[in-house]
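A.B. asks: Quick one: the structure is below, and I'll ask about it shortly.
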Amino acid sequence: MSIPQSGGGPITDHAQLAEYLASGCKPEAEWRIGTEHEKFGFRTDTLTPLPYEGDRSILAVLSGLRDRFGWSPVEEGGRLIGLEKDGANVSLEPGGQLELSGAPLENIHQTCDEVNDHLREVKAVAEPLGVGFIGLGAAPIWRHEDMPLMPKGRYKLMDGYMGRVGTMGRVMMRRTTTVQVNLDFASEADMVKKLRVAMALQSVATALFASSPFFEGKVNGHKSWRARVWRDLDEDRTGIPAFVFEDGMGFERWVDYALDVPMYFIYRDGRYIDALGQSFRDFLRGELPALPGEKPTLSDWADHLTTLFPEARIKKYMEMRGADGGPWRRLCALPAFWVGLMYNATSLDAAWDLAKDWDQETRLALRVAASEDGLQAKTNGVRMHDLARELLAISEAGLKARAREGAGGLIPDETHFLNALKESVETGRTYADELLDDYHGPWGGDLTRIFAERAY
């Protein structure tokens, strides 16, 4: 989850809210790719999750990365809660999941090198500690009481609020992970087209990257339990907002949506102030109960935008949020998939042609079906396997058209990063299906074997 935003002055005019989003518009030559992924840490002998402090802990891993690989510390209240270097950040999710938020890079070759370097560094620090990391959409055996809450003020406030809305918020915070990619847009019209494609087709990413068929030691009946969790978290800020597909969609319409979402907090002088359930509209009028008489800054607005959790969202860029965290080779496939669709005009149009005639009922039904059945999903006349095959071909064509070389020109484009997804489409089997086969076959129902055999 996001770190506090900075650098924004006072908001004196409502127009600044949309202007903040519009300031992210960039010419195509300046479009970049930012890849984020989360992973679960565990003690390799006991298979228990990592506490914040101790000899084998999140703090020990962060300290090792800082001391051995030149990362700069990020602290809150005197505690090490993250790292930064060369435009990238390592941060903590609420349950101790370790996240890499990558730097904005020009191509998938670079972003995959970044992921590989990070995982090698983490492995070098973790192994001597008796610590491992695994990429799955949901924690396979741990229960709520097993999971520590990381010492970040934002998470303490969210934890209390999540207990009052929905039923799955605390599960999401502690026991799920994702991989996502952040992409740019050229204009308001380009943002709208990309956001519609992202929202409508996020279910395909959910299906292709499904990796969470287990929860609390059992088969849970879903290929992506993480996606199931997000469906019952907080209806004010999750899902697929219908207005995105309506006439009049633009930056101002997103502002209206964001203003309707209840607040979580305000960040001041290194601490989080409780504003749970309060209104940013009141804040704009200087009538916020948490800070009476004070009006917000653009940093407050930026912070508030990070508390919206739809399937795709915009800030000064766009985030694709529908995929489970997963194994090493699939971490590079996710940005490749979306870059192939979004960063080539022909591919973007072709992707929209697949979804443009769907109604909201179909979009929502696909979201549910992808969570439950992965590539085997069928609903409202749409077969997920066929849709994924078409969309993957469109993405591959987009990557070929980009023709971004790697390895000093030895690799002509970025299409090979889709290989893991092409295997899934060819076989009809996702990573979740592979895990289920192992569980029912060689593991003999012993889910603890997942840690030794599927860790990074």
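To be explicit about the labels: the chains of the structure tokens are called A, B, and onward in the order shown, and within each one the residues are counted from 1, while ligands get numbers from 1 in the order they are shown.
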Taking the DSSP assignment computed from this structure's backbone, write out as an MDAnalysis selection string all residues of region 69-195 of chain A that belong to strand (DSSP E or B).
C.D. replies: chainID A and resid 72:76 79:85 88:92 98:101 105 131:134 138 176 178:183
A.B. asks: For the selection you just gave me, I'd like the residues written to a file as an mmCIF file, in the first residue's frame, keeping N, CA and C atoms.
C.D. replies:
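As a result, part_15.cif now contains:
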data_model
loop_
_atom_site.group_PDB
_atom_site.id
_atom_site.type_symbol
_atom_site.label_atom_id
_atom_site.label_comp_id
_atom_site.auth_asym_id
_atom_site.auth_seq_id
_atom_site.Cartn_x
_atom_site.Cartn_y
_atom_site.Cartn_z
ATOM 1 N N SER A 72 18.357 3.032 0.967
ATOM 2 C CA SER A 72 18.210 4.063 2.001
ATOM 3 C C SER A 72 16.974 3.767 2.844
ATOM 4 N N PRO A 73 17.061 4.015 4.156
ATOM 5 C CA PRO A 73 15.948 3.677 5.042
ATOM 6 C C PRO A 73 14.778 4.652 4.930
ATOM 7 N N VAL A 74 13.576 4.126 5.125
ATOM 8 C CA VAL A 74 12.361 4.917 5.279
ATOM 9 C C VAL A 74 11.807 4.566 6.649
ATOM 10 N N GLU A 75 11.612 5.571 7.503
ATOM 11 C CA GLU A 75 11.195 5.307 8.874
ATOM 12 C C GLU A 75 9.871 6.003 9.188
ATOM 13 N N GLU A 76 9.174 5.428 10.124
ATOM 14 C CA GLU A 76 7.970 6.039 10.671
ATOM 15 C C GLU A 76 7.996 5.836 12.177
ATOM 16 N N ARG A 79 10.879 3.767 13.448
ATOM 17 C CA ARG A 79 10.969 2.366 13.053
ATOM 18 C C ARG A 79 11.197 2.251 11.547
ATOM 19 N N LEU A 80 12.036 1.304 11.153
ATOM 20 C CA LEU A 80 12.307 1.060 9.745
ATOM 21 C C LEU A 80 11.101 0.357 9.130
ATOM 22 N N ILE A 81 10.455 1.026 8.185
ATOM 23 C CA ILE A 81 9.256 0.440 7.581
ATOM 24 C C ILE A 81 9.359 0.374 6.063
ATOM 25 N N GLY A 82 10.515 0.752 5.503
ATOM 26 C CA GLY A 82 10.679 0.686 4.060
ATOM 27 C C GLY A 82 12.075 1.094 3.642
ATOM 28 N N LEU A 83 12.311 1.024 2.330
ATOM 29 C CA LEU A 83 13.609 1.345 1.745
ATOM 30 C C LEU A 83 13.372 2.038 0.404
ATOM 31 N N GLU A 84 14.368 2.793 -0.047
ATOM 32 C CA GLU A 84 14.267 3.416 -1.359
ATOM 33 C C GLU A 84 15.630 3.499 -2.023
ATOM 34 N N LYS A 85 15.611 3.378 -3.350
ATOM 35 C CA LYS A 85 16.856 3.463 -4.120
ATOM 36 C C LYS A 85 16.510 3.573 -5.600
ATOM 37 N N ALA A 88 12.955 3.348 -6.891
ATOM 38 C CA ALA A 88 12.164 2.197 -6.451
ATOM 39 C C ALA A 88 12.007 2.227 -4.939
ATOM 40 N N ASN A 89 10.999 1.533 -4.438
ATOM 41 C CA ASN A 89 10.752 1.439 -3.001
ATOM 42 C C ASN A 89 10.495 -0.008 -2.605
ATOM 43 N N VAL A 90 10.982 -0.378 -1.428
ATOM 44 C CA VAL A 90 10.593 -1.626 -0.785
ATOM 45 C C VAL A 90 9.762 -1.229 0.422
ATOM 46 N N SER A 91 8.568 -1.772 0.533
ATOM 47 C CA SER A 91 7.681 -1.370 1.614
ATOM 48 C C SER A 91 6.995 -2.584 2.210
ATOM 49 N N LEU A 92 6.239 -2.343 3.275
ATOM 50 C CA LEU A 92 5.557 -3.409 3.996
ATOM 51 C C LEU A 92 4.063 -3.294 3.814
ATOM 52 N N LEU A 98 6.151 -8.335 1.877
ATOM 53 C CA LEU A 98 7.212 -7.445 1.392
ATOM 54 C C LEU A 98 6.892 -7.040 -0.036
ATOM 55 N N GLU A 99 6.882 -5.749 -0.301
ATOM 56 C CA GLU A 99 6.507 -5.243 -1.617
ATOM 57 C C GLU A 99 7.658 -4.499 -2.270
ATOM 58 N N LEU A 100 7.882 -4.781 -3.535
ATOM 59 C CA LEU A 100 8.744 -3.946 -4.365
ATOM 60 C C LEU A 100 7.856 -3.071 -5.230
ATOM 61 N N SER A 101 7.997 -1.752 -5.085
ATOM 62 C CA SER A 101 7.344 -0.796 -5.976
ATOM 63 C C SER A 101 8.419 -0.260 -6.900
ATOM 64 N N LEU A 105 10.120 2.693 -15.636
ATOM 65 C CA LEU A 105 11.141 2.267 -16.586
ATOM 66 C C LEU A 105 10.580 2.242 -18.009
ATOM 67 N N VAL A 131 14.917 -17.735 6.446
ATOM 68 C CA VAL A 131 13.684 -17.092 5.996
ATOM 69 C C VAL A 131 13.495 -17.368 4.515
ATOM 70 N N GLY A 132 12.274 -17.632 4.114
ATOM 71 C CA GLY A 132 11.941 -17.792 2.712
ATOM 72 C C GLY A 132 10.825 -16.855 2.306
ATOM 73 N N PHE A 133 10.620 -16.727 1.006
ATOM 74 C CA PHE A 133 9.516 -15.920 0.470
ATOM 75 C C PHE A 133 8.800 -16.706 -0.614
ATOM 76 N N ILE A 134 7.499 -16.511 -0.682
ATOM 77 C CA ILE A 134 6.680 -17.240 -1.648
ATOM 78 C C ILE A 134 5.665 -16.295 -2.270
ATOM 79 N N ALA A 138 -2.977 -15.668 -1.945
ATOM 80 C CA ALA A 138 -3.485 -15.694 -0.571
ATOM 81 C C ALA A 138 -2.622 -16.635 0.257
ATOM 82 N N THR A 176 -3.325 -11.506 1.740
ATOM 83 C CA THR A 176 -3.370 -11.537 0.279
ATOM 84 C C THR A 176 -2.171 -10.780 -0.287
ATOM 85 N N THR A 178 -0.587 -9.252 -4.362
ATOM 86 C CA THR A 178 -0.898 -8.968 -5.761
ATOM 87 C C THR A 178 0.373 -8.627 -6.525
ATOM 88 N N VAL A 179 0.255 -8.659 -7.843
ATOM 89 C CA VAL A 179 1.246 -8.053 -8.727
ATOM 90 C C VAL A 179 0.479 -7.090 -9.617
ATOM 91 N N GLN A 180 1.004 -5.895 -9.811
ATOM 92 C CA GLN A 180 0.311 -4.917 -10.634
ATOM 93 C C GLN A 180 1.308 -4.120 -11.456
ATOM 94 N N VAL A 181 0.778 -3.436 -12.452
ATOM 95 C CA VAL A 181 1.605 -2.564 -13.272
ATOM 96 C C VAL A 181 0.943 -1.195 -13.339
ATOM 97 N N ASN A 182 1.773 -0.170 -13.328
ATOM 98 C CA ASN A 182 1.327 1.215 -13.415
ATOM 99 C C ASN A 182 1.739 1.778 -14.770
ATOM 100 N N LEU A 183 0.778 2.368 -15.471
ATOM 101 C CA LEU A 183 1.004 2.830 -16.835
ATOM 102 C C LEU A 183 0.535 4.273 -17.004
#
A.B. asks: For region 369-427 of chain A versus region 313-327 of chain A, which residues have an atom no more than 12 Å away, and what is each residue's nearest atom pair and distance in Å rounded to one decimal, using only C-alpha atoms, chain-then-number order, as JSON lines?
C.D. replies:
{"residue": "A:Ala370", "atom": "CA", "partner": "A:Gly322", "partner_atom": "CA", "distance": 10.3}
{"residue": "A:Ser371", "atom": "CA", "partner": "A:Gly322", "partner_atom": "CA", "distance": 10.0}
{"residue": "A:Gly374", "atom": "CA", "partner": "A:Ala323", "partner_atom": "CA", "distance": 11.3}
{"residue": "A:Ala420", "atom": "CA", "partner": "A:Pro327", "partner_atom": "CA", "distance": 10.3}
A.B. asks: Using only C-alpha atoms, which of the listed residues (A:Thr379, A:Thr35, A:Asn116, A:Gln278) sits closest to Leu334 (chain A)?
C.D. replies: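 Distance minimum relative to Leu334 (chain A) lands on A:Thr35.
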A.B. asks: So, counting only C-alpha atoms, which residue among A:Arg66, A:Arg281, A:His144, A:Arg271 is closest to Pro296 (chain A)?
C.D. replies: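 Ranked by minimum distance to Pro296 (chain A), first place goes to A:Arg281.
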A.B. asks: Given the choices A:Gly64, A:Gly9, A:Pro151, A:Gly95, which gets closest to Pro49 (chain A) if the distance is worked out from only C-alpha atoms?
C.D. replies: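 Nearest to Pro49 (chain A): A:Gly95.
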A.B. asks: So that I can check the secondary structure, give me every residue of region 162-266 of chain A assigned alpha helix (DSSP H) by backbone DSSP, as number ranges by chain.
C.D. replies: A: 162, 169-175, 188-208, 225-230, 251-260
A.B. asks: Go through region 23-55 of chain A and flag each residue having an atom no more than 10 Å from region 337-346 of chain A; for those, report the closest pair of atoms plus their distance in Å to one decimal, using only C-alpha atoms, ordered by chain and rising number, as CSV.
C.D. replies:
residue,atom,partner,partner_atom,distance
A:Glu28,CA,A:Tyr343,CA,8.2
A:Trp31,CA,A:Tyr343,CA,8.3
A:Arg32,CA,A:Val339,CA,9.6
A:Ile33,CA,A:Val339,CA,7.9
A.B. asks: Would you output that residue set with C-alpha atoms, as a PDB file, in the first residue's frame?
C.D. replies:
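Final output, saved to again_18.pdb:
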ATOM      1  CA  GLU A  28       3.919   8.669 -25.760  1.00  0.00           C
ATOM      2  CA  TRP A  31       5.337   6.687 -21.144  1.00  0.00           C
ATOM      3  CA  ARG A  32       6.883   4.441 -18.532  1.00  0.00           C
ATOM      4  CA  ILE A  33       6.201   1.110 -16.815  1.00  0.00           C
TER       5      ILE A  33
END
A.B. asks: For the atom pair CA of Phe40 (chain A) and CA of His416 (chain A), what is the interatomic distance in Å to one decimal place?
C.D. replies: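 If I compute the distance from CA of Phe40 (chain A) to CA of His416 (chain A), I get 26.9 Å.
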